file final_15.txt (compact mmCIF, C-alpha atoms)
# COMPACT_ATOMS: atom_id res chain seq x y z
CA MET A 16 -17.11 18.63 45.13
CA LYS A 17 -18.48 17.39 41.76
CA LYS A 18 -21.32 15.56 43.53
CA ILE A 19 -22.25 18.77 45.39
CA VAL A 20 -22.31 20.70 42.09
CA LEU A 21 -24.49 17.98 40.55
CA ALA A 22 -26.97 18.20 43.43
CA ALA A 23 -27.05 21.99 43.11
CA LEU A 24 -27.87 21.75 39.39
CA ILE A 25 -30.82 19.48 40.15
CA ILE A 26 -32.17 21.86 42.81
CA LEU A 27 -31.82 24.89 40.53
CA SER A 28 -33.55 23.03 37.68
CA CYS A 29 -36.45 22.13 39.95
CA GLN A 30 -36.83 25.73 41.12
CA SER A 31 -36.75 27.19 37.60
CA ILE A 32 -39.28 24.71 36.29
CA HIS A 33 -41.65 24.97 39.26
CA ALA A 34 -43.07 28.29 38.04
CA GLN A 35 -44.06 26.72 34.70
CA VAL A 36 -45.76 23.59 35.98
CA THR A 37 -48.65 22.82 38.31
CA ASP A 38 -49.45 20.36 41.05
CA THR A 39 -50.46 16.96 39.67
CA THR A 40 -53.62 16.74 41.76
CA LYS A 41 -55.91 18.94 39.61
CA VAL A 42 -55.69 19.91 35.95
CA ILE A 43 -58.46 21.83 34.15
CA ILE A 44 -59.43 20.56 30.69
CA SER A 45 -62.57 21.06 28.63
CA SER A 46 -62.65 17.50 27.22
CA PRO A 47 -60.28 14.52 26.84
CA ASN A 48 -59.32 15.79 23.40
CA ASN A 49 -59.26 19.55 23.99
CA VAL A 50 -57.04 20.89 26.76
CA THR A 51 -57.79 24.48 27.81
CA THR A 52 -57.53 26.94 30.67
CA SER A 53 -60.73 28.83 29.76
CA SER A 54 -63.51 29.77 32.16
CA PRO A 55 -63.78 27.36 35.13
CA ALA A 56 -67.57 27.40 34.68
CA ASN A 57 -67.21 25.44 31.42
CA ALA A 58 -64.38 23.15 32.56
CA THR A 59 -64.09 19.91 34.49
CA LYS A 60 -61.39 18.81 36.90
CA ILE A 61 -59.35 15.65 36.39
CA ASP A 62 -57.39 14.14 39.26
CA LEU A 63 -53.88 13.19 38.13
CA SER A 64 -52.48 12.49 41.60
CA SER A 65 -52.61 8.70 41.25
CA ARG A 66 -51.48 8.42 37.64
CA SER A 67 -48.39 6.48 36.68
CA ASN A 68 -45.92 8.61 34.75
CA ASP A 69 -42.47 7.01 34.69
CA HIS A 70 -41.57 7.72 38.30
CA PHE A 71 -39.31 4.66 38.24
CA MET A 72 -37.38 3.66 35.12
CA VAL A 73 -34.93 0.88 34.24
CA GLN A 74 -33.03 0.61 30.95
CA TYR A 75 -31.11 -2.25 29.35
CA GLY A 76 -29.51 -2.52 25.93
CA LEU A 77 -26.57 -2.30 23.55
CA ASP A 78 -23.53 -0.03 23.99
CA ARG A 79 -21.10 1.07 21.28
CA TRP A 80 -18.20 3.53 20.91
CA SER A 81 -17.76 6.09 18.14
CA GLY A 82 -14.52 7.80 17.11
CA ASN A 83 -12.15 5.04 18.21
CA PRO A 84 -9.79 3.08 15.89
CA ASP A 85 -10.17 -0.68 15.33
CA SER A 86 -7.31 -1.35 17.75
CA THR A 87 -9.49 -0.14 20.64
CA ALA A 88 -12.85 -1.42 19.37
CA PRO A 89 -14.97 -3.49 21.78
CA LYS A 90 -16.42 -6.78 20.56
CA GLY A 91 -19.52 -8.82 21.27
CA PHE A 92 -22.63 -7.74 23.15
CA SER A 93 -21.41 -4.72 25.12
CA ARG A 94 -24.31 -3.55 27.24
CA HIS A 95 -25.66 -1.15 29.83
CA PHE A 96 -28.05 -1.27 32.77
CA ASN A 97 -29.52 1.96 34.19
CA ALA A 98 -32.02 2.65 36.98
CA TYR A 99 -33.58 6.03 37.86
CA VAL A 100 -36.11 7.47 40.29
CA MET A 101 -38.00 10.35 38.64
CA LEU A 102 -40.30 13.22 39.58
CA ASP A 103 -42.90 14.30 37.02
CA LYS A 104 -44.39 17.80 36.76
CA PRO A 105 -47.14 18.38 34.14
CA PHE A 106 -47.44 21.77 32.49
CA LYS A 107 -50.26 23.96 33.80
CA ASN A 108 -51.74 24.86 30.41
CA ASN A 109 -51.32 21.44 28.79
CA PRO A 110 -50.91 18.30 30.96
CA ARG A 111 -49.93 16.27 27.91
CA PHE A 112 -46.51 17.88 28.36
CA SER A 113 -44.46 17.45 31.52
CA VAL A 114 -40.93 17.72 32.85
CA GLY A 115 -39.19 14.71 34.39
CA LEU A 116 -36.34 15.16 36.88
CA GLY A 117 -34.47 12.33 38.52
CA VAL A 118 -31.41 10.66 39.98
CA GLY A 119 -29.98 7.21 39.47
CA ILE A 120 -27.14 4.89 38.58
CA SER A 121 -25.91 3.81 35.14
CA SER A 122 -23.38 1.14 34.28
CA SER A 123 -21.70 0.19 30.99
CA ASN A 124 -19.87 -3.07 30.26
CA MET A 125 -17.66 -2.96 27.16
CA PHE A 126 -16.31 -6.39 26.13
CA PHE A 127 -13.02 -7.02 24.32
CA GLU A 128 -11.45 -10.00 22.55
CA ARG A 129 -7.74 -10.69 23.08
CA ARG A 130 -7.19 -7.19 24.41
CA ASN A 131 -5.95 -5.76 27.70
CA VAL A 132 -7.07 -2.27 28.72
CA ASP A 133 -4.40 -1.34 31.26
CA VAL A 134 -6.24 1.13 33.51
CA LYS A 135 -3.44 0.82 36.10
CA SER A 136 -0.72 1.83 33.65
CA THR A 137 1.76 4.53 34.67
CA SER A 138 2.12 5.76 31.08
CA ALA A 139 0.64 9.04 29.87
CA ARG A 140 -1.79 7.28 27.48
CA LEU A 141 -4.19 4.45 28.20
CA PRO A 142 -2.76 1.25 26.63
CA PHE A 143 -5.02 -1.06 24.59
CA GLN A 144 -2.70 -4.06 24.32
CA ASN A 145 -3.10 -6.61 21.50
CA LEU A 146 -2.85 -10.17 22.88
CA ASP A 147 -3.40 -12.19 19.67
CA SER A 148 -0.07 -13.99 20.18
CA ALA A 149 -0.03 -14.11 23.95
CA ASN A 150 -1.97 -15.42 26.92
CA HIS A 151 -5.31 -13.65 27.28
CA PHE A 152 -8.63 -13.88 29.07
CA LYS A 153 -11.56 -15.68 27.49
CA LYS A 154 -13.92 -13.04 28.88
CA TYR A 155 -12.70 -9.48 29.38
CA LYS A 156 -14.62 -6.26 29.99
CA LEU A 157 -14.22 -2.61 30.92
CA THR A 158 -16.93 -1.36 33.29
CA THR A 159 -17.79 2.26 34.08
CA VAL A 160 -20.39 3.28 36.68
CA TYR A 161 -21.92 6.76 36.98
CA ALA A 162 -24.29 8.58 39.30
CA GLU A 163 -26.61 10.50 36.96
CA ALA A 164 -29.29 13.18 36.98
CA PRO A 165 -31.62 12.90 33.95
CA ILE A 166 -33.89 15.74 32.81
CA GLU A 167 -36.64 15.04 30.24
CA LEU A 168 -39.31 16.98 28.37
CA ARG A 169 -42.16 14.47 28.05
CA TYR A 170 -45.30 14.13 25.93
CA SER A 171 -48.18 11.74 26.66
CA THR A 172 -51.29 11.34 24.50
CA HIS A 173 -53.40 10.36 27.54
CA PRO A 174 -51.91 11.96 30.65
CA GLU A 175 -54.75 10.72 32.88
CA ASP A 176 -53.85 7.08 32.07
CA ASP A 177 -50.17 6.95 31.17
CA ASN A 178 -50.04 3.14 31.08
CA LYS A 179 -52.33 3.24 28.01
CA SER A 180 -50.64 6.17 26.31
CA PHE A 181 -48.27 6.76 23.43
CA LYS A 182 -45.27 8.60 24.89
CA LEU A 183 -42.27 10.63 23.72
CA ALA A 184 -39.39 12.09 25.74
CA ALA A 185 -36.21 14.02 24.96
CA GLY A 186 -33.62 15.39 27.32
CA VAL A 187 -30.14 15.29 28.77
CA LYS A 188 -28.44 13.56 31.66
CA ILE A 189 -25.45 14.70 33.68
CA GLY A 190 -23.27 12.13 35.39
CA THR A 191 -20.27 11.84 37.66
CA LEU A 192 -17.94 8.84 37.47
CA LEU A 193 -18.09 6.52 40.49
CA ASN A 194 -15.95 3.61 39.31
CA ALA A 195 -13.94 2.35 36.34
CA HIS A 196 -12.46 -1.14 36.30
CA THR A 197 -11.52 -4.09 34.09
CA LYS A 198 -12.31 -7.72 34.80
CA GLY A 199 -10.89 -10.82 33.09
CA LYS A 200 -12.04 -14.43 33.56
CA THR A 201 -10.53 -17.76 32.47
CA LEU A 202 -6.93 -17.38 31.27
CA GLU A 203 -6.17 -18.96 27.85
CA ASP A 204 -3.01 -19.37 25.78
CA LYS A 205 -2.59 -17.94 22.28
CA ASN A 206 -4.34 -21.00 20.78
CA GLY A 207 -7.43 -20.57 22.96
CA THR A 208 -6.63 -23.46 25.29
CA SER A 209 -7.81 -22.87 28.86
CA LEU A 210 -4.96 -22.57 31.35
CA ASN A 211 -6.88 -21.88 34.58
CA ASN A 212 -9.94 -20.16 36.02
CA TYR A 213 -7.98 -17.14 37.18
CA ILE A 214 -9.98 -13.92 37.65
CA ALA A 215 -8.22 -10.52 37.50
CA LYS A 216 -9.79 -7.17 38.38
CA GLU A 217 -8.09 -3.79 38.19
CA SER A 218 -9.70 -0.48 39.14
CA SER A 219 -8.62 3.10 38.39
CA LYS A 220 -10.31 6.34 37.26
CA LYS A 221 -7.00 7.92 36.18
CA PHE A 222 -7.67 8.00 32.42
CA PHE A 223 -11.42 8.71 32.49
CA ASN A 224 -13.38 11.95 32.48
CA SER A 225 -15.06 12.47 35.83
CA THR A 226 -18.10 14.20 34.29
CA ARG A 227 -20.36 12.94 31.52
CA LEU A 228 -23.03 14.79 29.52
CA SER A 229 -25.40 12.85 27.27
CA VAL A 230 -28.44 13.65 25.12
CA THR A 231 -31.31 11.18 25.41
CA GLY A 232 -34.57 10.19 23.74
CA ARG A 233 -37.45 7.73 24.30
CA ILE A 234 -40.48 6.59 22.33
CA GLY A 235 -42.98 3.96 23.34
CA TYR A 236 -46.40 2.89 24.54
CA GLY A 237 -47.44 2.25 28.11
CA ILE A 238 -44.64 0.99 30.32
CA VAL A 239 -42.36 -0.12 27.44
CA SER A 240 -40.29 2.19 25.26
CA LEU A 241 -37.26 2.26 23.01
CA HIS A 242 -34.55 4.53 24.37
CA GLY A 243 -31.27 5.93 23.06
CA ALA A 244 -28.41 8.09 24.34
CA TYR A 245 -25.34 9.76 22.86
CA THR A 246 -22.47 11.00 25.03
CA VAL A 247 -21.39 14.50 24.08
CA THR A 248 -18.27 14.41 26.24
CA GLY A 249 -15.51 11.89 25.54
CA ILE A 250 -15.14 8.98 27.92
CA LEU A 251 -11.37 9.55 28.18
CA LYS A 252 -9.52 12.64 29.35
CA ASP A 253 -7.87 14.84 26.72
CA GLY A 254 -4.54 13.49 25.51
CA VAL A 255 -4.71 10.03 27.10
CA GLY A 256 -6.26 8.26 24.11
CA PRO A 257 -8.63 8.60 21.16
CA VAL A 258 -11.73 10.79 21.50
CA ILE A 259 -14.31 8.10 22.25
CA ARG A 260 -17.99 9.04 22.51
CA PRO A 261 -20.23 6.18 23.66
CA TYR A 262 -23.77 5.73 22.39
CA SER A 263 -26.48 3.26 23.33
CA ILE A 264 -29.88 1.91 22.35
CA GLY A 265 -32.18 -0.41 24.22
CA LEU A 266 -35.47 -1.03 25.98
CA ALA A 267 -36.84 0.91 28.93
CA ILE A 268 -39.47 -0.20 31.44
CA SER A 269 -41.10 2.65 33.32
CA GLY A 270 -44.02 3.16 35.63
CA LEU A 271 -45.25 3.84 39.17
call {"tool": "encode", "arguments": {"input": "final_15.txt", "output": "structure tokens"}}
result
Amino acid sequence: MKKIVLAALIILSCQSIHAQVTDTTKVIISSPNNVTTSSPANATKIDLSSRSNDHFMVQYGLDRWSGNPDSTAPKGFSRHFNAYVMLDKPFKNNPRFSVGLGVGISSSNMFFERRNVDVKSTSARLPFQNLDSANHFKKYKLTTVYAEAPIELRYSTHPEDDNKSFKLAAGVKIGTLLNAHTKGKTLEDKNGTSLNNYIAKESSKKFFNSTRLSVTGRIGYGIVSLHGAYTVTGILKDGVGPVIRPYSIGLAISGL
């Protein structure tokens, strides 16, 4: 049901924006530095149909949590990898501005040291177990995977050649949780001595919010940009743990 609602939101967004934007094949401007919709007799036509404007985008970078106590804090290089397919619709009166709509997948890997996040627990609250004095995994992570629909308001200094343009974007993305699991590798004793190469994986969405809303931003040149996101909704359901709001920063590669 949530996936159907998500698809409906995308369709409605496209319909509402369509009246404000124009087809990318022809945009009327008076000069490269002066965009106008004045008399066609004094204007030239620029073909934007073959331009690259972030129709495919991948993101990779650092993930962190805000609002959580030290007992639940991830350690090390927690990271994300996101991939989106985007549509781009330039504004009729000013092609430097456009709206980007898309769908894709995002994943976050939060790493912990000497901790066990018991996603299979039958308790009312999600346990973050301290394993400083017990056997633990050398490598341990909590992974969440979402299907997402990003929406961006974009600005490009040279819309006719986006790969040689300074670009800005701000927006939101709505996601639905596909999977949440933990994975531990290489069991060690309390002194850090390796016991075996045992791998444990547990999967459950019980404690996690099924819907995620984030605000996003990008700034860059050509196909490379710096991107950031802050999750407005908590990652955990109400009452099952601290109010944790993830945020991220990293690099984005976009084009096509």
call {"tool": "atom_distance", "arguments": {"input": "final_15.txt", "atom1": "atom CA of A:Ile214", "atom2": "atom CA of A:Leu193"}}
result
22.2 Å
call {"tool": "closest_residue", "arguments": {"input": "final_15.txt", "among": "A:Phe143, A:Trp80, A:Tyr161, A:Phe126", "to": "A:Ala98", "atoms": "only C-alpha atoms"}}
result
A:Tyr161
call {"tool": "closest_residue", "arguments": {"input": "final_15.txt", "among": "A:Pro84, A:Pro89, A:Pro174, A:Gly186", "to": "A:Gly117", "atoms": "only C-alpha atoms"}}
result
A:Gly186
call {"tool": "residues_around", "arguments": {"input": "final_15.txt", "residues": "stretch 203-205 of chain A", "least_positions_apart": "5", "cutoff": "12 Å", "atoms": "all atoms listed in the file", "output": "list in words"}}
result
Glu128, Arg129, Arg130, Asn145, Leu146, Asp147, Ser148, Ala149, Asn150, His151, Phe152, Lys153, Lys154, Tyr155, Leu210, Asn211, Asn212, Tyr213 and Ile214 of chain A
call {"tool": "atom_distance", "arguments": {"input": "final_15.txt", "atom1": "atom CA of A:Pro165", "atom2": "atom CA of A:Val114"}}
result
10.5 Å
call {"tool": "closest_residue", "arguments": {"input": "final_15.txt", "among": "A:Pro261, A:Gly82, A:Gly207, A:Gly190", "to": "A:Gly119", "atoms": "all atoms listed in the file"}}
result
A:Gly190
call {"tool": "residues_around", "arguments": {"input": "final_15.txt", "residues": "A:Ala244", "least_positions_apart": "5", "cutoff": "10 Å", "atoms": "only C-alpha atoms", "output": "PDB file with C-alpha atoms, in the frame of the given file"}}
result
ATOM      1  CA  ASP A  78     -23.530  -0.030  23.990  1.00  0.00           C
ATOM      2  CA  ALA A 185     -36.210  14.020  24.960  1.00  0.00           C
ATOM      3  CA  GLY A 186     -33.620  15.390  27.320  1.00  0.00           C
ATOM      4  CA  VAL A 187     -30.140  15.290  28.770  1.00  0.00           C
ATOM      5  CA  LYS A 188     -28.440  13.560  31.660  1.00  0.00           C
ATOM      6  CA  SER A 229     -25.400  12.850  27.270  1.00  0.00           C
ATOM      7  CA  VAL A 230     -28.440  13.650  25.120  1.00  0.00           C
ATOM      8  CA  THR A 231     -31.310  11.180  25.410  1.00  0.00           C
ATOM      9  CA  GLY A 232     -34.570  10.190  23.740  1.00  0.00           C
ATOM     10  CA  ARG A 233     -37.450   7.730  24.300  1.00  0.00           C
ATOM     11  CA  PRO A 261     -20.230   6.180  23.660  1.00  0.00           C
ATOM     12  CA  TYR A 262     -23.770   5.730  22.390  1.00  0.00           C
ATOM     13  CA  SER A 263     -26.480   3.260  23.330  1.00  0.00           C
ATOM     14  CA  ILE A 264     -29.880   1.910  22.350  1.00  0.00           C
ATOM     15  CA  GLY A 265     -32.180  -0.410  24.220  1.00  0.00           C
TER      16      GLY A 265
END
call {"tool": "residues_around", "arguments": {"input": "final_15.txt", "residues": "A:Asn97", "least_positions_apart": "4", "cutoff": "6 Å", "atoms": "only C-alpha atoms", "output": "VMD selection string"}}
result
chain A and resid 73 to 74 120 to 121
call {"tool": "residues_around", "arguments": {"input": "final_15.txt", "residues": "A:Ser81", "least_positions_apart": "6", "cutoff": "12 Å", "atoms": "all atoms listed in the file", "output": "NGL selection string"}}
result
:A and (87-89 or 245-250 or 257-263)
call {"tool": "axis_aligned_box", "arguments": {"input": "final_15.txt", "around": "stretch 254-261 of chain A", "padding_each_side": "8 Å", "output": "JSON"}}
result
{"center_x": -12.4, "center_y": 9.8, "center_z": 24.1, "size_x": 31.7, "size_y": 23.3, "size_z": 21.9}
call {"tool": "closest_residue", "arguments": {"input": "final_15.txt", "among": "A:Leu251, A:His242, A:Tyr170, A:Ser123", "to": "A:Ala267", "atoms": "only C-alpha atoms"}}
result
A:His242
call {"tool": "decode", "arguments": {"input": "final_15.txt", "residues": "stretch 59-184 of chain A", "atoms": "C-alpha atoms", "output": "PDB file, in the first residue's frame"}}
result
ATOM      1  CA  THR A  59      16.751  32.592 -31.293  1.00  0.00           C
ATOM      2  CA  LYS A  60      15.953  28.970 -30.574  1.00  0.00           C
ATOM      3  CA  ILE A  61      18.308  26.684 -28.672  1.00  0.00           C
ATOM      4  CA  ASP A  62      17.901  22.919 -28.835  1.00  0.00           C
ATOM      5  CA  LEU A  63      18.162  21.395 -25.353  1.00  0.00           C
ATOM      6  CA  SER A  64      16.962  17.913 -26.315  1.00  0.00           C
ATOM      7  CA  SER A  65      20.437  16.346 -26.255  1.00  0.00           C
ATOM      8  CA  ARG A  66      21.809  18.120 -23.191  1.00  0.00           C
ATOM      9  CA  SER A  67      22.989  16.207 -20.162  1.00  0.00           C
ATOM     10  CA  ASN A  68      21.211  17.299 -17.002  1.00  0.00           C
ATOM     11  CA  ASP A  69      21.629  14.746 -14.219  1.00  0.00           C
ATOM     12  CA  HIS A  70      19.291  12.121 -15.644  1.00  0.00           C
ATOM     13  CA  PHE A  71      21.320   9.466 -13.830  1.00  0.00           C
ATOM     14  CA  MET A  72      22.885  10.116 -10.435  1.00  0.00           C
ATOM     15  CA  VAL A  73      24.948   8.065  -7.977  1.00  0.00           C
ATOM     16  CA  GLN A  74      25.959   9.217  -4.487  1.00  0.00           C
ATOM     17  CA  TYR A  75      28.540   7.907  -2.023  1.00  0.00           C
ATOM     18  CA  GLY A  76      29.688   9.304   1.304  1.00  0.00           C
ATOM     19  CA  LEU A  77      29.609   9.520   5.083  1.00  0.00           C
ATOM     20  CA  ASP A  78      26.587   8.753   7.279  1.00  0.00           C
ATOM     21  CA  ARG A  79      26.025   9.902  10.865  1.00  0.00           C
ATOM     22  CA  TRP A  80      23.201   9.859  13.437  1.00  0.00           C
ATOM     23  CA  SER A  81      21.968  12.820  15.474  1.00  0.00           C
ATOM     24  CA  GLY A  82      19.965  12.687  18.707  1.00  0.00           C
ATOM     25  CA  ASN A  83      21.230   9.315  19.918  1.00  0.00           C
ATOM     26  CA  PRO A  84      23.184   8.717  23.169  1.00  0.00           C
ATOM     27  CA  ASP A  85      26.785   7.436  23.160  1.00  0.00           C
ATOM     28  CA  SER A  86      25.564   3.930  23.994  1.00  0.00           C
ATOM     29  CA  THR A  87      23.978   3.672  20.543  1.00  0.00           C
ATOM     30  CA  ALA A  88      26.577   5.671  18.583  1.00  0.00           C
ATOM     31  CA  PRO A  89      28.009   4.083  15.421  1.00  0.00           C
ATOM     32  CA  LYS A  90      31.775   4.055  14.951  1.00  0.00           C
ATOM     33  CA  GLY A  91      34.157   4.179  12.022  1.00  0.00           C
ATOM     34  CA  PHE A  92      33.355   5.036   8.421  1.00  0.00           C
ATOM     35  CA  SER A  93      29.587   4.532   8.256  1.00  0.00           C
ATOM     36  CA  ARG A  94      28.553   5.164   4.672  1.00  0.00           C
ATOM     37  CA  HIS A  95      25.816   5.266   2.067  1.00  0.00           C
ATOM     38  CA  PHE A  96      25.420   4.417  -1.604  1.00  0.00           C
ATOM     39  CA  ASN A  97      22.468   5.801  -3.595  1.00  0.00           C
ATOM     40  CA  ALA A  98      21.470   5.527  -7.259  1.00  0.00           C
ATOM     41  CA  TYR A  99      18.633   7.410  -8.998  1.00  0.00           C
ATOM     42  CA  VAL A 100      17.131   7.768 -12.465  1.00  0.00           C
ATOM     43  CA  MET A 101      15.838  11.327 -12.956  1.00  0.00           C
ATOM     44  CA  LEU A 102      13.635  13.303 -15.335  1.00  0.00           C
ATOM     45  CA  ASP A 103      14.481  16.966 -15.879  1.00  0.00           C
ATOM     46  CA  LYS A 104      11.976  19.669 -16.872  1.00  0.00           C
ATOM     47  CA  PRO A 105      13.324  23.205 -17.512  1.00  0.00           C
ATOM     48  CA  PHE A 106      11.132  26.194 -16.725  1.00  0.00           C
ATOM     49  CA  LYS A 107       9.514  27.850 -19.744  1.00  0.00           C
ATOM     50  CA  ASN A 108      10.538  31.418 -18.895  1.00  0.00           C
ATOM     51  CA  ASN A 109      14.038  30.621 -17.629  1.00  0.00           C
ATOM     52  CA  PRO A 110      15.769  27.347 -18.632  1.00  0.00           C
ATOM     53  CA  ARG A 111      18.473  27.938 -16.045  1.00  0.00           C
ATOM     54  CA  PHE A 112      15.911  26.636 -13.557  1.00  0.00           C
ATOM     55  CA  SER A 113      14.415  23.163 -13.801  1.00  0.00           C
ATOM     56  CA  VAL A 114      12.628  20.524 -11.760  1.00  0.00           C
ATOM     57  CA  GLY A 115      14.117  17.053 -11.322  1.00  0.00           C
ATOM     58  CA  LEU A 116      11.898  14.059 -10.528  1.00  0.00           C
ATOM     59  CA  GLY A 117      13.153  10.541 -10.040  1.00  0.00           C
ATOM     60  CA  VAL A 118      13.122   7.101  -8.469  1.00  0.00           C
ATOM     61  CA  GLY A 119      15.914   4.994  -7.065  1.00  0.00           C
ATOM     62  CA  ILE A 120      17.464   2.976  -4.272  1.00  0.00           C
ATOM     63  CA  SER A 121      19.439   4.181  -1.249  1.00  0.00           C
ATOM     64  CA  SER A 122      21.375   2.127   1.266  1.00  0.00           C
ATOM     65  CA  SER A 123      23.040   3.052   4.561  1.00  0.00           C
ATOM     66  CA  ASN A 124      25.632   0.981   6.435  1.00  0.00           C
ATOM     67  CA  MET A 125      26.155   2.029  10.060  1.00  0.00           C
ATOM     68  CA  PHE A 126      29.159   0.339  11.719  1.00  0.00           C
ATOM     69  CA  PHE A 127      29.481  -0.444  15.437  1.00  0.00           C
ATOM     70  CA  GLU A 128      32.331  -1.514  17.712  1.00  0.00           C
ATOM     71  CA  ARG A 129      31.644  -4.173  20.365  1.00  0.00           C
ATOM     72  CA  ARG A 130      27.910  -3.646  20.050  1.00  0.00           C
ATOM     73  CA  ASN A 131      24.987  -5.861  19.099  1.00  0.00           C
ATOM     74  CA  VAL A 132      21.864  -4.250  17.624  1.00  0.00           C
ATOM     75  CA  ASP A 133      19.268  -6.947  18.259  1.00  0.00           C
ATOM     76  CA  VAL A 134      16.743  -6.313  15.467  1.00  0.00           C
ATOM     77  CA  LYS A 135      15.163  -9.731  16.159  1.00  0.00           C
ATOM     78  CA  SER A 136      14.486  -8.953  19.818  1.00  0.00           C
ATOM     79  CA  THR A 137      11.013  -9.628  21.224  1.00  0.00           C
ATOM     80  CA  SER A 138      11.289  -6.711  23.674  1.00  0.00           C
ATOM     81  CA  ALA A 139       9.356  -3.466  23.247  1.00  0.00           C
ATOM     82  CA  ARG A 140      12.549  -1.418  22.710  1.00  0.00           C
ATOM     83  CA  LEU A 141      15.412  -2.062  20.315  1.00  0.00           C
ATOM     84  CA  PRO A 142      18.408  -3.317  22.369  1.00  0.00           C
ATOM     85  CA  PHE A 143      21.892  -1.864  21.748  1.00  0.00           C
ATOM     86  CA  GLN A 144      23.940  -4.380  23.736  1.00  0.00           C
ATOM     87  CA  ASN A 145      27.405  -3.487  25.074  1.00  0.00           C
ATOM     88  CA  LEU A 146      29.865  -6.338  24.409  1.00  0.00           C
ATOM     89  CA  ASP A 147      33.073  -4.823  25.863  1.00  0.00           C
ATOM     90  CA  SER A 148      33.468  -7.807  28.207  1.00  0.00           C
ATOM     91  CA  ALA A 149      32.034 -10.509  25.988  1.00  0.00           C
ATOM     92  CA  ASN A 150      32.535 -12.195  22.645  1.00  0.00           C
ATOM     93  CA  HIS A 151      31.821  -9.824  19.764  1.00  0.00           C
ATOM     94  CA  PHE A 152      32.258  -9.435  16.032  1.00  0.00           C
ATOM     95  CA  LYS A 153      35.302  -7.699  14.612  1.00  0.00           C
ATOM     96  CA  LYS A 154      33.131  -6.118  11.921  1.00  0.00           C
ATOM     97  CA  TYR A 155      29.488  -5.340  12.631  1.00  0.00           C
ATOM     98  CA  LYS A 156      26.996  -3.158  10.768  1.00  0.00           C
ATOM     99  CA  LEU A 157      23.338  -2.202  10.573  1.00  0.00           C
ATOM    100  CA  THR A 158      22.079  -1.807   6.995  1.00  0.00           C
ATOM    101  CA  THR A 159      18.866  -0.110   5.874  1.00  0.00           C
ATOM    102  CA  VAL A 160      17.685  -0.041   2.254  1.00  0.00           C
ATOM    103  CA  TYR A 161      14.984   2.279   0.886  1.00  0.00           C
ATOM    104  CA  ALA A 162      13.153   2.817  -2.384  1.00  0.00           C
ATOM    105  CA  GLU A 163      13.101   6.607  -2.824  1.00  0.00           C
ATOM    106  CA  ALA A 164      11.537   9.322  -4.952  1.00  0.00           C
ATOM    107  CA  PRO A 165      13.676  12.500  -5.009  1.00  0.00           C
ATOM    108  CA  ILE A 166      12.323  15.887  -6.116  1.00  0.00           C
ATOM    109  CA  GLU A 167      14.763  18.755  -6.797  1.00  0.00           C
ATOM    110  CA  LEU A 168      14.604  22.414  -7.799  1.00  0.00           C
ATOM    111  CA  ARG A 169      17.742  22.881  -9.914  1.00  0.00           C
ATOM    112  CA  TYR A 170      19.789  25.823 -11.174  1.00  0.00           C
ATOM    113  CA  SER A 171      22.405  25.648 -13.944  1.00  0.00           C
ATOM    114  CA  THR A 172      24.520  28.565 -15.152  1.00  0.00           C
ATOM    115  CA  HIS A 173      24.757  27.078 -18.676  1.00  0.00           C
ATOM    116  CA  PRO A 174      21.684  24.934 -19.322  1.00  0.00           C
ATOM    117  CA  GLU A 175      22.679  24.270 -22.944  1.00  0.00           C
ATOM    118  CA  ASP A 176      25.910  22.551 -21.773  1.00  0.00           C
ATOM    119  CA  ASP A 177      25.320  21.180 -18.291  1.00  0.00           C
ATOM    120  CA  ASN A 178      28.626  19.293 -18.175  1.00  0.00           C
ATOM    121  CA  LYS A 179      30.439  22.660 -18.172  1.00  0.00           C
ATOM    122  CA  SER A 180      28.090  24.407 -15.771  1.00  0.00           C
ATOM    123  CA  PHE A 181      28.060  25.458 -12.146  1.00  0.00           C
ATOM    124  CA  LYS A 182      25.005  23.784 -10.587  1.00  0.00           C
ATOM    125  CA  LEU A 183      22.850  24.035  -7.463  1.00  0.00           C
ATOM    126  CA  ALA A 184      19.932  21.854  -6.350  1.00  0.00           C
TER     127      ALA A 184
END
